[in-house]
$ cat my_file.cif   # mmCIF, C-alpha atoms
data_data
#
loop_
_atom_site.label_atom_id
_atom_site.label_comp_id
_atom_site.auth_asym_id
_atom_site.auth_seq_id
_atom_site.Cartn_x
_atom_site.Cartn_y
_atom_site.Cartn_z
CA MET A 1 29.76 300.27 140.45
CA SER A 2 31.19 302.83 138.08
CA THR A 3 29.61 306.22 138.03
CA THR A 4 29.83 309.50 136.17
CA SER A 5 28.01 311.56 138.79
CA ALA A 6 29.62 314.84 139.77
CA PRO A 7 31.79 314.87 142.90
CA SER A 8 30.39 316.51 146.02
CA PRO A 9 31.36 320.21 146.22
CA GLY A 10 31.50 320.15 150.03
CA HIS A 11 28.39 322.31 150.18
CA GLY A 12 27.60 321.84 153.88
CA HIS A 13 23.90 321.22 153.23
CA ARG A 14 21.98 318.12 154.26
CA PRO A 15 22.76 315.37 151.70
CA GLY A 16 19.87 314.68 149.36
CA SER A 17 18.20 318.04 149.98
CA ALA A 18 17.11 320.50 147.31
CA ARG A 19 19.60 323.10 148.60
CA ALA A 20 22.41 320.59 148.25
CA ALA A 21 21.52 319.89 144.61
CA LEU A 22 21.39 323.63 143.81
CA SER A 23 24.95 324.06 145.09
CA TYR A 24 26.25 322.43 141.87
CA PRO A 25 26.75 325.19 139.21
CA ASP A 26 26.09 322.93 136.20
CA PHE A 27 22.90 321.52 137.70
CA ARG A 28 21.75 324.97 138.77
CA ARG A 29 22.29 326.35 135.25
CA MET A 30 20.45 323.50 133.54
CA TRP A 31 17.64 323.59 136.07
CA ALA A 32 17.05 327.33 135.61
CA ALA A 33 17.14 327.09 131.81
CA SER A 34 14.79 324.12 131.79
CA PHE A 35 12.41 325.90 134.17
CA SER A 36 12.25 328.89 131.80
CA SER A 37 11.68 326.67 128.78
CA ASN A 38 9.05 324.58 130.53
CA ILE A 39 7.01 327.69 131.30
CA GLY A 40 6.66 328.09 127.53
CA THR A 41 5.90 324.39 127.13
CA TRP A 42 3.08 324.54 129.66
CA MET A 43 1.72 327.69 128.08
CA GLN A 44 1.34 325.61 124.92
CA ASN A 45 0.11 322.52 126.79
CA VAL A 46 -2.68 324.56 128.37
CA VAL A 47 -3.94 326.38 125.28
CA LEU A 48 -3.58 323.58 122.71
CA PRO A 49 -6.25 321.27 124.25
CA LEU A 50 -8.47 324.33 124.74
CA TYR A 51 -7.97 325.34 121.09
CA VAL A 52 -8.92 321.84 119.89
CA LEU A 53 -11.91 321.70 122.27
CA ASP A 54 -13.18 325.09 121.04
CA ARG A 55 -12.91 324.02 117.40
CA THR A 56 -14.35 320.51 117.74
CA ASP A 57 -16.42 320.61 120.97
CA SER A 58 -15.25 317.02 121.53
CA ALA A 59 -13.31 315.50 124.45
CA SER A 60 -12.36 312.56 122.24
CA MET A 61 -10.65 314.92 119.75
CA VAL A 62 -8.73 316.46 122.64
CA GLY A 63 -7.68 312.92 123.56
CA VAL A 64 -6.48 312.32 120.00
CA MET A 65 -4.43 315.52 120.10
CA VAL A 66 -2.85 314.62 123.46
CA PHE A 67 -2.05 311.15 122.11
CA ALA A 68 -0.39 312.71 119.05
CA GLN A 69 1.78 314.92 121.28
CA LEU A 70 2.65 312.41 124.02
CA GLY A 71 1.98 309.05 122.38
CA PRO A 72 5.48 308.88 120.82
CA LEU A 73 6.81 308.32 124.34
CA LEU A 74 5.08 304.95 124.22
CA PHE A 75 6.82 303.87 121.02
CA LEU A 76 10.15 305.73 120.92
CA SER A 77 11.29 305.72 124.55
CA ILE A 78 13.20 302.42 124.30
CA PRO A 79 15.32 303.34 121.24
CA ALA A 80 15.78 306.81 122.76
CA GLY A 81 17.07 305.14 125.93
CA VAL A 82 19.64 303.22 123.88
CA ILE A 83 20.80 306.50 122.34
CA ALA A 84 21.01 308.12 125.78
CA ASP A 85 23.40 305.42 127.03
CA ARG A 86 25.63 305.28 123.94
CA PHE A 87 26.10 308.70 122.35
CA ASP A 88 27.10 312.26 123.21
CA ARG A 89 24.15 313.43 125.28
CA ARG A 90 24.80 317.16 124.90
CA LYS A 91 24.79 317.11 121.09
CA TRP A 92 21.71 314.89 121.05
CA LEU A 93 19.83 317.09 123.50
CA VAL A 94 20.64 320.25 121.53
CA ALA A 95 19.35 318.61 118.34
CA MET A 96 16.11 317.54 120.03
CA GLN A 97 15.51 321.02 121.46
CA LEU A 98 15.84 322.49 117.97
CA LEU A 99 13.51 319.84 116.54
CA GLN A 100 10.81 320.69 119.10
CA LEU A 101 11.37 324.41 118.48
CA THR A 102 10.72 323.95 114.75
CA PHE A 103 7.45 322.07 115.13
CA SER A 104 6.21 324.33 117.94
CA ALA A 105 6.82 327.35 115.70
CA LEU A 106 4.81 325.69 112.91
CA LEU A 107 1.76 325.60 115.18
CA ALA A 108 1.59 329.41 115.17
CA PRO A 109 0.68 330.00 111.48
CA LEU A 110 -1.59 326.94 111.44
CA ALA A 111 -3.59 328.19 114.43
CA ALA A 112 -3.71 331.73 113.03
CA ALA A 113 -5.23 330.41 109.80
CA ASP A 114 -7.54 327.89 111.54
CA ALA A 115 -5.93 325.22 109.35
CA PRO A 116 -7.54 321.77 109.13
CA ILE A 117 -7.49 320.08 112.50
CA TRP A 118 -5.52 317.12 111.11
CA SER A 119 -2.61 319.49 110.38
CA ILE A 120 -2.58 320.55 114.06
CA PHE A 121 -2.48 316.88 115.05
CA LEU A 122 0.36 316.19 112.59
CA VAL A 123 2.54 319.05 113.85
CA SER A 124 1.76 318.08 117.46
CA LEU A 125 3.05 314.62 116.57
CA GLY A 126 6.32 316.22 115.44
CA VAL A 127 6.65 317.97 118.81
CA GLY A 128 5.90 314.65 120.50
CA VAL A 129 8.58 312.80 118.55
CA GLY A 130 11.18 315.36 119.60
CA ASN A 131 10.05 315.12 123.22
CA ALA A 132 10.14 311.30 123.20
CA LEU A 133 13.65 311.21 121.76
CA ASN A 134 14.80 313.87 124.22
CA ALA A 135 13.31 312.58 127.48
CA PRO A 136 15.53 309.55 128.36
CA ALA A 137 18.76 311.42 127.52
CA TRP A 138 17.62 314.38 129.60
CA SER A 139 16.66 312.19 132.54
CA ALA A 140 19.96 310.29 132.33
CA MET A 141 21.96 313.54 132.08
CA LEU A 142 20.60 315.41 135.11
CA PRO A 143 21.76 312.90 137.79
CA THR A 144 25.34 313.10 136.46
CA LEU A 145 25.47 316.81 137.39
CA VAL A 146 25.30 316.07 141.15
CA SER A 147 26.89 313.49 143.44
CA LYS A 148 24.96 310.36 144.34
CA ALA A 149 24.41 311.60 147.89
CA ASP A 150 22.48 314.59 146.52
CA LEU A 151 20.46 312.88 143.80
CA ALA A 152 17.21 312.90 145.80
CA GLY A 153 17.37 316.68 145.87
CA SER A 154 17.74 316.81 142.09
CA VAL A 155 14.62 314.65 141.67
CA SER A 156 12.66 316.95 143.94
CA LEU A 157 13.86 320.06 142.11
CA ASN A 158 13.07 318.49 138.75
CA SER A 159 9.52 317.94 139.99
CA VAL A 160 9.40 321.55 141.19
CA MET A 161 10.59 322.70 137.77
CA ILE A 162 7.94 320.68 135.92
CA ASN A 163 5.12 321.66 138.22
CA GLY A 164 6.26 325.20 138.91
CA SER A 165 6.05 325.77 135.17
CA ARG A 166 2.55 324.26 135.32
CA VAL A 167 1.70 327.09 137.70
CA VAL A 168 3.45 329.96 135.95
CA GLY A 169 2.56 328.89 132.38
CA PRO A 170 -1.24 328.96 132.82
CA ILE A 171 -1.07 332.23 134.78
CA VAL A 172 0.97 333.83 131.98
CA VAL A 173 -1.57 332.50 129.46
CA ALA A 174 -4.49 333.93 131.46
CA VAL A 175 -2.80 337.34 131.63
CA LEU A 176 -1.78 337.35 127.96
CA ARG A 177 -5.19 336.22 126.73
CA SER A 178 -6.84 338.93 128.82
CA ALA A 179 -4.49 341.42 127.15
CA GLY A 180 -5.53 340.23 123.69
CA VAL A 181 -2.59 337.95 122.82
CA SER A 182 -3.72 335.24 120.41
CA ILE A 183 -3.23 331.49 120.78
CA SER A 184 -0.94 331.44 117.73
CA GLN A 185 1.31 334.05 119.37
CA ILE A 186 1.48 331.91 122.51
CA PHE A 187 2.71 328.99 120.37
CA LEU A 188 5.43 331.26 118.96
CA ILE A 189 6.50 332.37 122.45
CA ASN A 190 6.91 328.72 123.44
CA ALA A 191 9.09 328.04 120.40
CA VAL A 192 11.52 330.77 121.44
CA THR A 193 11.90 329.37 124.98
CA TYR A 194 13.66 326.24 123.68
CA LEU A 195 16.66 328.46 123.04
CA PHE A 196 17.18 328.84 126.81
CA VAL A 197 17.99 325.14 127.12
CA VAL A 198 20.17 325.16 123.99
CA ALA A 199 22.25 328.01 125.42
CA ALA A 200 22.60 326.30 128.81
CA LEU A 201 23.67 323.01 127.20
CA LEU A 202 26.39 324.78 125.22
CA TYR A 203 27.88 326.19 128.46
CA THR A 204 27.53 323.04 130.58
CA HIS A 205 29.89 320.09 130.87
CA VAL A 206 27.72 317.02 130.34
CA PRO A 207 29.59 313.83 131.33
CA LYS A 208 29.74 311.17 128.65
CA PRO A 209 27.96 307.86 129.31
CA VAL A 210 30.03 305.26 131.12
CA SER A 211 31.93 303.08 128.66
CA MET A 212 30.35 299.63 128.78
CA ASN A 213 30.16 296.52 126.64
CA HIS A 214 26.68 297.11 125.26
CA ALA A 215 24.44 294.38 123.99
CA ARG A 216 24.09 294.04 120.24
CA GLY A 217 21.18 293.87 117.87
CA TRP A 218 17.70 293.55 119.34
CA ARG A 219 19.19 293.00 122.80
CA GLN A 220 19.99 296.72 122.87
CA LEU A 221 16.24 297.40 122.86
CA THR A 222 15.41 294.80 125.52
CA ALA A 223 18.29 295.56 127.89
CA GLY A 224 16.17 297.96 129.96
CA LEU A 225 13.45 295.34 130.35
CA GLN A 226 16.02 292.78 131.48
CA ILE A 227 17.49 295.18 134.05
CA ALA A 228 14.06 296.15 135.38
CA HIS A 229 12.77 292.59 135.48
CA GLY A 230 15.83 291.56 137.48
CA ASP A 231 14.77 293.75 140.41
CA ARG A 232 11.25 293.04 141.72
CA SER A 233 10.99 296.49 143.30
CA VAL A 234 11.88 298.26 140.06
CA TRP A 235 9.42 296.10 138.13
CA ARG A 236 6.64 296.75 140.65
CA LEU A 237 7.24 300.51 140.47
CA LEU A 238 7.15 300.55 136.66
CA SER A 239 4.03 298.38 136.43
CA THR A 240 2.32 300.49 139.11
CA LEU A 241 3.07 303.65 137.18
CA PHE A 242 1.68 302.09 133.98
CA TRP A 243 -1.69 301.25 135.55
CA PHE A 244 -1.84 304.51 137.50
CA SER A 245 -1.24 306.52 134.31
CA LEU A 246 -3.82 304.53 132.35
CA PHE A 247 -6.72 304.56 134.81
CA SER A 248 -6.12 307.42 137.26
CA LEU A 249 -4.49 310.19 135.21
CA PRO A 250 -6.71 310.73 132.13
CA TYR A 251 -8.01 313.89 133.79
CA VAL A 252 -4.61 315.54 133.25
CA GLY A 253 -4.78 315.68 129.45
CA LEU A 254 -8.57 316.11 129.47
CA PHE A 255 -8.50 318.86 132.10
CA ALA A 256 -10.21 321.40 129.82
CA ALA A 257 -13.10 319.02 129.11
CA VAL A 258 -13.42 318.09 132.80
CA VAL A 259 -13.62 321.75 133.82
CA ARG A 260 -16.18 322.62 131.16
CA LEU A 261 -18.43 319.59 131.68
CA ASN A 262 -18.27 319.10 135.46
CA PHE A 263 -18.07 322.68 136.70
CA GLY A 264 -20.02 324.56 134.02
CA VAL A 265 -17.18 326.94 133.16
CA ASP A 266 -17.88 329.22 130.19
CA LYS A 267 -15.62 328.73 127.16
CA HIS A 268 -14.68 332.43 127.08
CA SER A 269 -13.65 332.47 130.75
CA THR A 270 -10.06 332.18 131.99
CA THR A 271 -11.23 330.06 134.96
CA TYR A 272 -9.76 326.97 133.29
CA GLU A 273 -6.26 328.49 133.20
CA TRP A 274 -6.44 329.65 136.83
CA LEU A 275 -7.76 326.28 138.01
CA TYR A 276 -5.01 324.48 136.11
CA ALA A 277 -2.45 326.80 137.74
CA THR A 278 -3.93 326.06 141.19
CA TRP A 279 -3.66 322.32 140.55
CA GLY A 280 -0.10 322.85 139.29
CA LEU A 281 0.78 324.80 142.44
CA GLY A 282 -0.25 321.82 144.53
CA ALA A 283 1.83 319.52 142.31
CA CYS A 284 4.81 321.87 142.64
CA LEU A 285 4.57 321.84 146.43
CA GLY A 286 4.19 318.05 146.40
CA GLY A 287 7.38 317.59 144.41
CA LEU A 288 9.25 320.14 146.55
CA ALA A 289 8.12 318.46 149.77
CA ILE A 290 9.99 315.27 148.85
CA GLY A 291 13.30 317.14 148.93
CA THR A 292 12.49 319.32 151.94
CA VAL A 293 9.80 318.35 154.47
CA PHE A 294 10.04 314.63 153.67
CA VAL A 295 13.77 314.44 152.89
CA GLY A 296 14.35 312.11 155.85
CA SER A 297 11.26 309.97 155.29
CA ASP A 298 11.12 306.48 153.81
CA LYS A 299 9.92 307.19 150.27
CA ARG A 300 8.55 303.65 149.97
CA MET A 301 5.97 304.45 152.63
CA LEU A 302 5.28 307.88 151.12
CA ILE A 303 4.31 306.15 147.87
CA ARG A 304 1.53 304.15 149.54
CA ARG A 305 0.24 307.09 151.58
CA GLY A 306 0.39 309.28 148.49
CA PHE A 307 -1.80 306.92 146.49
CA ALA A 308 -4.38 306.87 149.30
CA ALA A 309 -4.40 310.67 149.52
CA PHE A 310 -4.65 310.94 145.74
CA ALA A 311 -7.67 308.59 145.72
CA VAL A 312 -9.53 310.73 148.23
CA ALA A 313 -8.66 313.98 146.42
CA LEU A 314 -9.63 312.65 142.98
CA ALA A 315 -12.97 311.42 144.36
CA GLY A 316 -13.54 314.89 145.78
CA PHE A 317 -12.66 316.48 142.42
CA ALA A 318 -15.24 314.20 140.79
CA ILE A 319 -17.98 314.99 143.27
CA VAL A 320 -17.78 318.80 143.47
CA SER A 321 -20.13 320.51 141.03
CA ASN A 322 -18.82 324.07 140.80
CA ALA A 323 -15.59 325.98 140.28
CA THR A 324 -15.38 327.10 143.92
CA GLY A 325 -15.24 323.52 145.18
CA ALA A 326 -12.79 322.62 142.42
CA PHE A 327 -10.41 325.39 143.49
CA ILE A 328 -10.39 323.94 147.02
CA VAL A 329 -9.73 320.33 145.95
CA ALA A 330 -7.36 320.96 142.99
CA PRO A 331 -4.20 321.88 144.98
CA VAL A 332 -4.64 318.84 147.25
CA LEU A 333 -5.03 316.62 144.18
CA GLY A 334 -1.92 318.12 142.60
CA PHE A 335 0.10 317.71 145.81
CA ALA A 336 -0.79 314.03 146.20
CA TYR A 337 -0.21 313.36 142.50
CA PHE A 338 3.35 314.63 142.30
CA ALA A 339 4.49 313.79 145.81
CA THR A 340 3.61 310.19 144.94
CA THR A 341 5.26 310.08 141.50
CA THR A 342 8.35 311.94 142.77
CA SER A 343 8.73 309.39 145.56
CA MET A 344 8.37 306.59 143.00
CA ASN A 345 10.98 308.18 140.76
CA THR A 346 13.36 308.59 143.70
CA VAL A 347 13.06 304.96 144.80
CA LEU A 348 13.31 303.69 141.22
CA GLN A 349 16.48 305.60 140.39
CA SER A 350 18.06 304.56 143.67
CA ARG A 351 18.26 301.02 142.26
CA LEU A 352 20.03 301.99 139.02
CA ALA A 353 23.67 302.36 138.07
CA ASP A 354 24.52 305.33 135.84
CA HIS A 355 25.09 303.10 132.81
CA GLU A 356 21.64 301.52 133.34
CA ARG A 357 19.69 304.70 133.94
CA GLY A 358 18.99 305.78 130.36
CA ARG A 359 17.48 302.44 129.34
CA VAL A 360 15.41 301.85 132.45
CA MET A 361 14.21 305.46 132.53
CA SER A 362 12.98 304.98 128.97
CA LEU A 363 10.56 302.46 130.49
CA TRP A 364 9.56 305.07 133.07
CA PHE A 365 8.67 307.50 130.28
CA MET A 366 6.75 304.78 128.46
CA ALA A 367 4.78 303.97 131.60
CA PHE A 368 4.21 307.62 132.56
CA GLY A 369 4.25 309.95 129.57
CA GLY A 370 3.30 307.28 127.05
CA THR A 371 0.41 305.70 128.93
CA VAL A 372 -1.29 308.94 130.03
CA PRO A 373 -2.19 309.90 126.43
CA LEU A 374 -3.42 306.35 125.83
CA GLY A 375 -5.81 306.83 128.74
CA ASN A 376 -6.79 310.24 127.36
CA PHE A 377 -7.53 308.68 123.99
CA LEU A 378 -9.68 305.88 125.44
CA PHE A 379 -11.53 307.81 128.14
CA GLY A 380 -12.10 310.86 125.94
CA PHE A 381 -14.66 308.79 124.02
CA VAL A 382 -16.21 307.64 127.32
CA ILE A 383 -16.60 311.25 128.46
CA ASP A 384 -18.24 312.20 125.15
CA TRP A 385 -20.60 309.23 125.46
CA LEU A 386 -21.60 310.06 129.05
CA ASP A 387 -21.40 313.84 128.54
CA SER A 388 -19.70 313.92 131.95
CA ALA A 389 -16.28 313.17 133.38
CA ARG A 390 -17.40 312.19 136.88
CA VAL A 391 -17.50 308.42 136.33
CA VAL A 392 -14.04 308.44 134.74
CA LEU A 393 -12.61 310.34 137.72
CA LEU A 394 -14.27 308.05 140.26
CA VAL A 395 -12.90 304.95 138.51
CA GLY A 396 -9.44 306.52 138.70
CA ALA A 397 -9.89 307.19 142.42
CA VAL A 398 -10.87 303.59 143.17
CA PHE A 399 -7.91 302.28 141.19
CA ALA A 400 -5.48 304.59 143.04
CA LEU A 401 -6.79 303.17 146.32
CA PHE A 402 -5.96 299.68 145.07
CA LEU A 403 -2.44 300.81 144.16
CA ALA A 404 -1.93 302.12 147.71
CA TRP A 405 -2.14 298.46 148.78
CA TRP A 406 -0.38 296.88 145.80
CA CYS A 407 2.73 299.09 145.53
CA ASP A 408 4.31 297.82 148.75
CA VAL A 409 8.00 298.13 147.86
CA ALA A 410 9.11 297.81 151.49
CA SER A 411 7.60 294.31 151.73
CA ILE A 412 9.26 293.29 148.47
CA ASP A 413 12.61 294.52 149.82
CA LEU A 414 12.10 292.62 153.07
CA LEU A 415 11.32 289.38 151.22
CA ALA A 416 14.44 289.85 149.11
CA GLN A 417 16.58 290.29 152.23
CA GLN A 418 15.04 287.25 153.94
CA GLY A 419 15.72 285.22 150.82
CA GLY A 420 19.41 286.00 151.02
CA GLY A 421 19.47 288.76 148.43
CA HIS A 422 19.37 292.52 148.63
CA PRO A 423 17.46 294.77 146.25
CA LEU A 424 19.95 297.63 146.50
CA GLN A 425 23.40 298.05 145.00
CA PRO A 426 26.07 297.79 147.75
CA ASP A 427 27.25 301.40 147.50
CA HIS A 428 23.66 302.64 147.95
CA THR A 429 23.21 301.08 151.39
CA ALA A 430 24.63 303.94 153.45
CA THR A 431 22.36 306.51 151.86
CA PHE A 432 19.39 304.21 152.32
CA ASP A 433 20.16 303.89 156.03
CA GLU A 434 20.59 307.65 156.46
CA HIS A 435 17.54 308.94 154.60
CA GLY A 436 15.06 306.09 154.46
CA ILE A 437 15.75 305.75 150.75
CA SER A 438 18.70 304.91 148.62
CA ALA A 439 19.71 308.13 146.92
CA GLY A 440 17.24 308.95 144.16
CA GLU A 441 17.75 310.81 140.92
#

$ encode --input "my_file.cif" --output "structure tokens"
Amino acid sequence: MSTTSAPSPGHGHRPGSARAALSYPDFRRMWAASFSSNIGTWMQNVVLPLYVLDRTDSASMVGVMVFAQLGPLLFLSIPAGVIADRFDRRKWLVAMQLLQLTFSALLAPLAAADAPIWSIFLVSLGVGVGNALNAPAWSAMLPTLVSKADLAGSVSLNSVMINGSRVVGPIVVAVLRSAGVSISQIFLINAVTYLFVVAALLYTHVPKPVSMNHARGWRQLTAGLQIAHGDRSVWRLLSTLFWFSLFSLPYVGLFAAVVRLNFGVDKHSTTYEWLYATWGLGACLGGLAIGTVFVGSDKRMLIRRGFAAFAVALAGFAIVSNATGAFIVAPVLGFAYFATTTSMNTVLQSRLADHERGRVMSLWFMAFGGTVPLGNFLFGFVIDWLDSARVVLLVGAVFALFLAWWCDVASIDLLAQQGGGHPLQPDHTATFDEHGISAGE
């Protein structure tokens, strides 16, 4: 299998660990820049639903806003995956950062003027389009900055980056709001942080996609589906993520409404931001654990155990009736959530060649980032109707428990081996034997 992944630098660290991934200068630079930018992104992601909730007092309107911002992942991920596998990824990524910067900056004057809520939704849609077009190319680029033996560490660090920013971003918002910084100024701060990634991209060598004979016409758009459907394990992981995102993760986008309705938090309090940061801390530790504590564990088994732990934690988050109980359960919920999805991402990417990654990962973003806002949109109306989020959370917990049984990738692999086939690419076998997984992203 041809590959564009970076050669091993002879780092001396355990293969597949987070420390091994950080030994690559290009990866380290892009990771640090993305971490900085994502802090700004999560500052915006925290205050934007709160801003809409304060203006409309409606969970369903928050769901509409989240769908406007993340819904494009559902519709644009496949063409974006084609672009990621065919064109200069660095130039494309720079353009998408600048596009998101522009629309994020537009939110500032609109919020300052309390412009019509539809204008906030429209500009949020612009940010979402830029994110959807950026995501597959970004996901396909990062693994090429480390060797295949160290890809699992890069997945873990990417999870740490996403969830670490979920911790830092809300804390920064809580501090800034307490100091009198307005929501519109927070939107402007986020816009500036996109420049960190632009600068890092300009100083980083991003390998070009492997030269392949690509399909033509509509087959370009269905190539990812054909690749995924050809591997039962990959297909099971993607379908699991779709249903998990739809039924178990609506609380993520509707977090502000859940906190206000279930725990009686006052709208002028910063408890929401601190609780979100606590949940994000758990998610950060969950993602980090996959590349540290659990680096030698079979990620296929971690997926099933993670779903079971998530089900228990989400049920607990639904049952507690005050902020104190929520602060106890939130980090456990975050840990189970991202340890599970990071393990799924690792196993999924272990089955993909570099020239396949962009297109199949576009399906990942459709199933994950695209389906979550769909669930927010649907269940936001349910929460408004019930004037409570408890039933929605309990339904999500029950469904996660079902997925702990259904997402049995190890059994699928065993059946494939007994049938004379093998679900892994030949040059992934050694890493699978060593770490309990074939090297992940």

$ residues_around --input "my_file.cif" --residues "stretch 189-194 of chain A" --least-positions-apart "6" --cutoff "10 Å" --atoms "all atoms listed in the file" --output "list in words"
Ala33, Ser34, Phe35, Ser36, Ser37, Asn38, Ile39, Gly40, Thr41, Trp42, Met43, Gln44, Asn45, Val94, Met96, Gln97, Leu98, Leu99, Gln100, Leu101, Thr102, Phe103, Ser104, Ala105, Leu106, Leu107, Ala108, Gly169 and Ile183 of chain A

$ closest_residue --input "my_file.cif" --among "A:Thr292, A:Asn345, A:Ala323, A:Pro331" --to "A:Phe365" --atoms "all atoms listed in the file"
A:Asn345

$ resolve_selection --input "my_file.cif" --expression "the PyMOL selection byres ((chain A and resi 378) around 10)" --output "count of residues only"
17

$ closest_residue --input "my_file.cif" --among "A:Thr346, A:Asn262, A:Thr270, A:Gln185" --to "A:Leu393" --atoms "all atoms listed in the file"
A:Asn262

$ closest_residue --input "my_file.cif" --among "A:Gly128, A:Pro170, A:Gly306, A:Gly16" --to "A:Gly370" --atoms "only C-alpha atoms"
A:Gly128

$ closest_residue --input "my_file.cif" --among "A:Asp85, A:Ala367, A:Val329, A:Leu73" --to "A:Val129" --atoms "only C-alpha atoms"
A:Leu73

$ closest_residue --input "my_file.cif" --among "A:Leu125, A:Ala397, A:Ala308, A:Cys284" --to "A:Ile162" --atoms "all atoms listed in the file"
A:Cys284

$ atom_distance --input "my_file.cif" --atom1 "atom CA of A:Leu225" --atom2 "atom CA of A:Leu363"
7.7 Å

$ atom_distance --input "my_file.cif" --atom1 "atom CA of A:Ala339" --atom2 "atom CA of A:Leu352"
20.7 Å

$ resolve_selection --input "my_file.cif" --expression "the PyMOL selection byres ((chain A and resi 258) around 12)" --output "ChimeraX atom specification"
/A:49-50,53,58-60,62,250-257,259-265,272,275-276,317-323,326,376,379-380,383-384,387-393

$ atom_distance --input "my_file.cif" --atom1 "atom CA of A:Lys208" --atom2 "atom CA of A:Asp150"
19.6 Å

$ resolve_selection --input "my_file.cif" --expression "the PyMOL selection byres ((chain A and resi 333) around 7)" --output "ChimeraX atom specification"
/A:279,310,313-314,329-332,334-337

$ closest_residue --input "my_file.cif" --among "A:Leu414, A:Val172, A:Leu76, A:Met366" --to "A:Gly130" --atoms "only C-alpha atoms"
A:Leu76

$ residues_around --input "my_file.cif" --residues "A:Asp408" --least-positions-apart "3" --cutoff "10 Å" --atoms "all atoms listed in the file" --output "NGL selection string"
:A and (233 or 236-237 or 300-301 or 303-304 or 403-405 or 411-413)

$ axis_aligned_box --input "my_file.cif" --around "stretch 152-155 of chain A" --padding-each-side "3 Å" --output "AutoDock Vina command-line options"
--center_x 16.2 --center_y 314.9 --center_z 143.8 --size_x 9.1 --size_y 9.9 --size_z 10.2
